[in-house]
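Novice: Can you read through this structure? Questions will come right after.
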Amino acid sequence: MSGIISRMEQRKAATLKDAPAWLQEALGATPTTTGVKVNHNSAMGITAFWNGVRIISQTIAMLPLEVFERQERGRRLAREHPVYKLLHLRPNPHMTPYTFKEIRTAHVLTWGNSYAEIEYDKAGRPIALWPLLPDRTGVEIKDGKKLYWTIVNGIKVWLAPDRVLHVPGLGFDGLQGYNVIRMHRESLGLTIAANQYGAQFFGNSGRPSGVLKHPGKPDKEERKRIREEWNQMHTGLTKAQRTAVLWGGMEWQAIGIPPEEAQFLETRSLQIDEVARILNINPILLQKTEGATTWGTAIGHFLVAFAKFTITPWLEREEDVLNWDLFGPEERGRFYTKYNASALLRGDPKTQAEILEIERRNGIINADDWLELTDRNPLPNGLGQSFYMPLNMAPVDQIQERDPEKLPAPQRSKDNETRAREERALTIRRRLKYAHRDAFIEGSRRFVRAEVQELRRAIKRAAEGGSFANILNDWIDEFYPGQHKTIYRVMRPLVFALASVIAESAFDEVGADPEDIGAFVDEYTENLARREVSASIGQLRTLLQETVEEELEETLRTRSDEWEETRPEKVADREVNRVAAGAARWAWQTAGVPALVWRANKDACPICQEMDGMRIPTKGYFLNEGDLVNPGGSVSPLTASQPIGGPPLHDGCQCDIVPG
C-alpha cells in the first residue's frame with residue numbers, strides 16, 4: 001500500500017458538533033422543513049433508497065469489465081495488459097473487483113461522485129486502485145489546472161489529476177456531480193418524517209388517543225397520575241386490546257381518526273415513487289407492485305428497459321473515465337475497457353435463445369460461440385466451429401464457391417466467372433432479405449395497428465358528431481404528423497439492421513472497405529415514413545370525396561380492417577427489397593463502381609424480364625418518369641410514375657441489381 005492510502009488507516013471519525021453552519025448544511029446536519037435531519041446515513045436508512053442503491057450498484061458490480069485491443073478488423077481480449085489484471089483480478093490487495101465496482105457505484109449514486117487513487121509502479125503502470133471517501137475528497141481549479149484534494153487525519157492533501165480516477169454524476173460545472181442526497185434532502189426528509197410518524201402512530205395502538213371524562217375536578221397531580229397509569233396500561237400495540245377498568249365515575253370517549261392521519265400510508269407509498277425518480281429506477285424494483293409498470297408485458301422487456309435507461313448511462317460514465325485515466329497517451333484509442341451488458345440486454349431466457357438462434361442461422365456465431373455465451377464447454381473435435389447460413393443451413397465454406405480466377409483455365413470462361421460471382425452475391429442478399437422479413441412484418445404491424453386504432457376512434461367520433469367528412473379531415477391533419485414520427489421511430493432500427501448487412505456484402509463484393517451507412521438509413525427511413533403517411537392520407541381523402549355520406553362509416557371501417565389484415569406483409573415485402581437495393585446501390589456509389597445492371601430472377605414477370613441486363617451509370621436511373629416498358633404479347637406495358645433507381649419495379653417484384 002502506498003500513497004495517501006497508507007495514512008488513512010489512522011483516520012479518526014469526524015465530528016460535526018463544532019463545525020461551521022455551512023459545513024453542517026453540506027453534510028446534512030441541519031434539519032429540513034419537516035424538522036428531521038437528512039444525511040447519508042439517515043438517507044440509507046430509508047428502505048426504498050437503500051434497495052435502489054443496492055440493486056443498481058450490485059447489478060453493475062456483477063457485470064464483467066473487459067479490456068480490449070482494437071485491431072485492423074475487429075478486436076481482441078487483452079488479457080496480458082496490466083489494466084485487465086487490475087480490473088479482473090484485484091483492484092487492490094483488500095478488495096475483489098465486485099466490491100470495488102459496488103463501492104464506486106454506491107458513492108456516485110449517493111454523493112454524486114466516486115474517487116479512487118491510482119497507484120503506479122516504477123514503470124508508470126497502474127497496479128492498484130484505492131477508493132477515496134467522497135465526503136472528504138473534491139476537485140478544484142487552481143491557477144488554471146485541475147487538482148484533486150482529500151482529507152487525511154485532518155490535513156488537506158493535494159493530488160495530481162493522473163493519480164485520481166474520478167467518475168462524476170450529473171453536474172453543471174464539468175468538474176463534480178451534484179450531491180444527490182443534498183439535492184433531494186427535502187423529499188428524503190419527508191420520507192424519514194413519515195417513517196417516524198408511523199412508528200409513533202402504531203406505538204399508540206394505531207389510533208389517536210381518546211379522552212377520559214372525570215365527573216369531578218382533579219388537581220394537576222391527580223391528572224398526571226391518571227394519565228400515566230392509563231398510558232402504562234393501554235398504550236402500545238401489545239396492550240391495545242386490554243380491558244379498561246374505570247373508577248370514580250370516569251368515562252372513556254374515543255376520538256375518531258382524522259382522514260389525513262389514517263392515510264399516511266398513502267404518503268409513504270408516494271415517497272417510494274419519489275425515491276424511484278431520484279434513482280431513475282422502476283418502482284417495482286423497490287418492491288412496490290401496486291400501480292407499477294414493467295415497460296411491457298414480459299419480464300424481458302422490463303430487464304432490457306432497466307439495462308438501457310438505468311444501468312447503461314452509469315456504465316458509459318465509468319468506461320469514459322477508465323479509458324482515459326488507466327491508459328497512457330500512446331495506448332489511448334488502441335486499448336479500451338468495456339462492460340459486458342449483453343446478459344441484461346438480451347432479456348428473458350426465451351428471448352435470449354431466439355436471438356442466438358437468429359445469429360446462428362445467419363452465420364454470425366457458431367455452436368461453440370453459443371456454448372461459450374451460455375457458460376458451457378465447446379463441442380469436441382472442433383464440431384462446433386462451423387458457421388451456417390439461412391434456408392438450407394449449409395456450412396459457409398460450401399456456400400461460398402472458390403474464387404473463379406484461381407481455377408485453372410479453361411474450366412470457365414470470363415462470362416461464366418462473372419455470372420457465378422453475381423449468382424453467389426445475389427443468393428447471399430436474397431437470404432439476408434428473407435432473414436429480416438419477419439422483423440419488418442412485426443415493425444409494420446406495430447405502426448399499422450396504432451394507425452388503425454386511432455382511425456376507428458375517429459370514425460366513432462365522426463359518427464356521433466355532425467359533419468362526418470369534416471371531422472375526419474380534421475383528424476387526418478392532426479394525426480398524421482405524429483404518425484410520421486412513429487413510423488420513423490419503429491422502422492429505423494429495422495432498416496439499419498438490414499441495410500448494414502447488405503452494404504457490407506456489397507462492399508465485399510467489389511473489394512472495398514465498409515463505410516458508415518447511418519446517413520443513408522436516416523434518409524431512407526424518412527422517405528419510408530413519408531410514403532406510408534402519404535399513401536394513407538391519399539386513400540382516406542379519396543374515400544371521403546368519392547363516397548356518399550351514408551356509406552362513409554362502413555367504407556372506412558372496411559378499409560381499416562383491410563389495412564390491419566394485409567398491409568404489414570405488403571409493406572414488409574416491398575421495403576426489404578427497397579432497402580436491399582438501395583443499400584447496395586449506395587455502397588457501390590460510395591466505392592466508386594461506375595455502373596449498375598438490372599437482374600431479373602428466374603420467375604420474373606415479362607416486364608422485369610424485359611429489364612434484365614439493362615445497364616446504367618451508378619448515379620443514373622433505369623427508368624425516368626414517363627418511360628414505357630412494353631414486353632409485348634398479352635402483358636400490359638408499364639409506365640414509370642417516378643424515376644426508378646432499382647427494384648422493386650412493382651408490387652411483388654423480386655429483382656435485384658449487380659455492379660456493372
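To be explicit about the labels: the chains of the C-alpha cells are called A, B, and onward in the order shown, and within each one the residues are counted from 1, while ligands get numbers from 1 in the order they are shown.
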For Asp135 in chain A, list every protein, DNA or RNA residue within 10 Å, evaluated using only C-alpha atoms, and leave out those in the same chain fewer than 4 positions away; present the list as a list in words.
Specialist: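 Using only C-alpha atoms, the neighbours found are Ala26, Leu27, His40, His107, Trp111, Asn113, Ser114, Thr150, Ile151 and Asn179 of chain A.
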Novice: Would you pick out the contacts of range 273-288 of chain A at 12 Å or less, using only C-alpha atoms, so that residues sharing its chain but fewer than 6 positions from it are not included, and give the list as a PyMOL selection string?
Specialist: chain A and resi 43-44+46-57+105-106+108-110+112+169-170+179-192+266-267+294-295+299+302-303+305-314
Novice: What's around range 555-562 of chain A at 8 Å? Count only C-alpha atoms, leave out sequence neighbours fewer than 3 positions away in its own chain, and write the answer as a ChimeraX atom specification.
Specialist: /A:452,455-456,459,540,543,547,551-552,565-567
Novice: Would you save the residues from that selection as a PDB file, in the first residue's frame, using C-alpha atoms?
Specialist:
```
ATOM      1  CA  VAL A 452     -55.996   1.620 -37.344  1.00  0.00           C
ATOM      2  CA  LEU A 455     -58.772   5.737 -37.235  1.00  0.00           C
ATOM      3  CA  ARG A 456     -61.523   3.646 -35.655  1.00  0.00           C
ATOM      4  CA  ILE A 459     -64.734   7.143 -37.191  1.00  0.00           C
ATOM      5  CA  LEU A 540     -58.665   8.370 -46.886  1.00  0.00           C
ATOM      6  CA  LEU A 543     -62.816   7.799 -49.875  1.00  0.00           C
ATOM      7  CA  THR A 547     -68.172   8.013 -51.032  1.00  0.00           C
ATOM      8  CA  GLU A 551     -71.822   4.831 -46.644  1.00  0.00           C
ATOM      9  CA  LEU A 552     -68.732   6.566 -45.291  1.00  0.00           C
ATOM     10  CA  GLU A 565     -55.038  -7.717 -42.084  1.00  0.00           C
ATOM     11  CA  THR A 566     -52.914  -7.259 -45.194  1.00  0.00           C
ATOM     12  CA  ARG A 567     -50.860  -4.088 -45.032  1.00  0.00           C
TER      13      ARG A 567
END
```
Novice: Can you pull out the residues contacting range 595-604 of chain A? Cut-off 6 Å, using only C-alpha atoms, and skip same-chain residues under 3 positions away; I want them as number ranges by chain.
Specialist: A: 608-609, 612-618, 655-660
Novice: Filtering to C-alpha atoms, could you give me those residues as an mmCIF file, in the first residue's frame?
Specialist:
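The new file selection-v7.cif reads:
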```cif
data_model
loop_
_atom_site.group_PDB
_atom_site.id
_atom_site.type_symbol
_atom_site.label_atom_id
_atom_site.label_comp_id
_atom_site.auth_asym_id
_atom_site.auth_seq_id
_atom_site.Cartn_x
_atom_site.Cartn_y
_atom_site.Cartn_z
ATOM 1 C CA CYS A 608 -39.000 -7.468 -65.296
ATOM 2 C CA GLN A 609 -37.550 -9.896 -67.846
ATOM 3 C CA ASP A 612 -32.955 -7.851 -67.319
ATOM 4 C CA GLY A 613 -29.426 -6.840 -68.324
ATOM 5 C CA MET A 614 -30.185 -3.096 -68.583
ATOM 6 C CA ARG A 615 -27.013 -1.165 -67.667
ATOM 7 C CA ILE A 616 -26.887 2.421 -66.336
ATOM 8 C CA PRO A 617 -24.362 4.719 -64.630
ATOM 9 C CA THR A 618 -24.294 4.180 -60.874
ATOM 10 C CA CYS A 655 -35.497 -8.374 -58.984
ATOM 11 C CA ASP A 656 -32.069 -7.167 -57.906
ATOM 12 C CA ILE A 657 -29.091 -5.177 -59.153
ATOM 13 C CA VAL A 658 -25.413 -6.032 -59.507
ATOM 14 C CA PRO A 659 -22.305 -3.906 -60.064
ATOM 15 C CA GLY A 660 -21.549 -3.477 -63.777
#
```
Novice: Within 8 Å of range 64-74 of chain A, counting only C-alpha atoms, which residues show up once you throw out same-chain ones fewer than 4 positions away? Write them as a VMD selection string, please.
Specialist: chain A and resid 78 to 79 81 83 to 84 87 to 88 333 to 341
Novice: Taking only range 13-164 of chain A into account, list the residues labelled helix (DSSP H, G or I) by DSSP (computed from the backbone), as JSON, numbers by chain.
Specialist: {"A": [21, 22, 23, 24, 25, 26, 40, 41, 42, 43, 44, 47, 48, 49, 50, 51, 52, 53, 54, 55, 56, 57, 58, 59, 60, 61, 62, 82, 83, 84, 85, 86, 87, 88, 97, 98, 99, 100, 101, 102, 103, 104, 105, 106, 107, 108, 109, 110, 134, 135, 136, 161, 162, 163]}
Novice: Using only C-alpha atoms, determine which residues lie at most 12 Å from range 648-654 of chain A, disregarding the query and same-chain residues fewer than 5 positions distant; provide the list as a PyMOL selection string.
Specialist: chain A and resi 426+429-430+433-434+569-582+598-612+622-623+629+638-643
Novice: With C-alpha atoms retained, could you export that selection as a PDB file, in the first residue's frame?
Specialist:
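File written: result-v9.pdb
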```pdb
ATOM      1  CA  LEU A 426     -27.482 -12.470 -55.255  1.00  0.00           C
ATOM      2  CA  ARG A 429     -28.591 -10.932 -50.497  1.00  0.00           C
ATOM      3  CA  ARG A 430     -31.788 -12.921 -51.026  1.00  0.00           C
ATOM      4  CA  LYS A 433     -33.653 -10.188 -47.102  1.00  0.00           C
ATOM      5  CA  TYR A 434     -35.570 -13.317 -46.151  1.00  0.00           C
ATOM      6  CA  GLU A 569     -46.906  -8.018 -45.070  1.00  0.00           C
ATOM      7  CA  LYS A 570     -47.261  -5.797 -48.132  1.00  0.00           C
ATOM      8  CA  VAL A 571     -45.099  -3.124 -46.523  1.00  0.00           C
ATOM      9  CA  ALA A 572     -42.510  -5.699 -45.424  1.00  0.00           C
ATOM     10  CA  ASP A 573     -42.264  -7.379 -48.837  1.00  0.00           C
ATOM     11  CA  ARG A 574     -41.859  -4.034 -50.548  1.00  0.00           C
ATOM     12  CA  GLU A 575     -39.443  -2.458 -48.097  1.00  0.00           C
ATOM     13  CA  VAL A 576     -36.985  -5.344 -47.656  1.00  0.00           C
ATOM     14  CA  ASN A 577     -36.430  -5.251 -51.419  1.00  0.00           C
ATOM     15  CA  ARG A 578     -36.170  -1.472 -51.487  1.00  0.00           C
ATOM     16  CA  VAL A 579     -33.760  -1.384 -48.551  1.00  0.00           C
ATOM     17  CA  ALA A 580     -31.593  -4.114 -50.073  1.00  0.00           C
ATOM     18  CA  ALA A 581     -31.397  -2.498 -53.499  1.00  0.00           C
ATOM     19  CA  GLY A 582     -30.918   0.976 -52.029  1.00  0.00           C
ATOM     20  CA  TRP A 598     -30.632  -4.962 -63.574  1.00  0.00           C
ATOM     21  CA  ARG A 599     -31.021  -8.663 -62.820  1.00  0.00           C
ATOM     22  CA  ALA A 600     -34.435 -10.354 -63.006  1.00  0.00           C
ATOM     23  CA  ASN A 601     -34.922 -13.600 -61.090  1.00  0.00           C
ATOM     24  CA  LYS A 602     -35.852 -16.799 -62.922  1.00  0.00           C
ATOM     25  CA  ASP A 603     -39.567 -16.465 -62.084  1.00  0.00           C
ATOM     26  CA  ALA A 604     -39.772 -12.780 -63.011  1.00  0.00           C
ATOM     27  CA  CYS A 605     -42.752 -11.364 -64.875  1.00  0.00           C
ATOM     28  CA  PRO A 606     -42.375 -10.370 -68.558  1.00  0.00           C
ATOM     29  CA  ILE A 607     -41.929  -6.704 -67.620  1.00  0.00           C
ATOM     30  CA  CYS A 608     -39.000  -7.468 -65.296  1.00  0.00           C
ATOM     31  CA  GLN A 609     -37.550  -9.896 -67.846  1.00  0.00           C
ATOM     32  CA  GLU A 610     -37.594  -7.029 -70.327  1.00  0.00           C
ATOM     33  CA  MET A 611     -35.480  -5.037 -67.850  1.00  0.00           C
ATOM     34  CA  ASP A 612     -32.955  -7.851 -67.319  1.00  0.00           C
ATOM     35  CA  PHE A 622     -33.115   2.573 -65.034  1.00  0.00           C
ATOM     36  CA  LEU A 623     -36.343   4.388 -65.895  1.00  0.00           C
ATOM     37  CA  VAL A 629     -41.655  -0.806 -70.608  1.00  0.00           C
ATOM     38  CA  LEU A 638     -45.698  -0.339 -67.583  1.00  0.00           C
ATOM     39  CA  THR A 639     -45.213   3.422 -67.442  1.00  0.00           C
ATOM     40  CA  ALA A 640     -42.885   4.705 -64.736  1.00  0.00           C
ATOM     41  CA  SER A 641     -44.660   7.182 -62.450  1.00  0.00           C
ATOM     42  CA  GLN A 642     -41.336   8.286 -60.938  1.00  0.00           C
ATOM     43  CA  PRO A 643     -37.603   7.712 -61.560  1.00  0.00           C
TER      44      PRO A 643
END
```
Novice: Which residue is closest to Tyr115 in chain A? Choose from A:Arg90, A:Arg163, A:His484, A:Arg585 and count only C-alpha atoms.
Specialist: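 Using only C-alpha atoms, Tyr115 in chain A sits closest to A:Arg163.
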Novice: Take CA of Pro82 in chain A and CA of Asp320 in chain A and report the distance between them in Å, one decimal.
Specialist: 18.1 Å
Novice: So that I can check the surroundings of Leu86 in chain A, please list as a count of residues only every protein, DNA and RNA residue that reaches within 9 Å of it, counting only C-alpha atoms and ignoring chain neighbours fewer than 5 positions away.
Specialist: 8
Novice: Give the answer as one residue: which of A:Lys142, A:Arg125, A:Arg75, A:Arg104 has the shortest atom-to-atom distance to Phe327 in chain A, using only C-alpha atoms?
Specialist: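 Nearest candidate to Phe327 in chain A out of A:Lys142, A:Arg125, A:Arg75, A:Arg104: A:Arg125.
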Novice: If I take CA of Ile476 in chain A and CA of Arg530 in chain A, how far is one from the other in Å, to one decimal?
Specialist: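 About the pair CA of Ile476 in chain A and CA of Arg530 in chain A: they are 14.3 Å apart.
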Novice: Looking at only C-alpha atoms, which of A:Lys460, A:Arg332, A:His166, A:Lys224 is the one that sits closest to Gly138 in chain A?
Specialist: A:His166
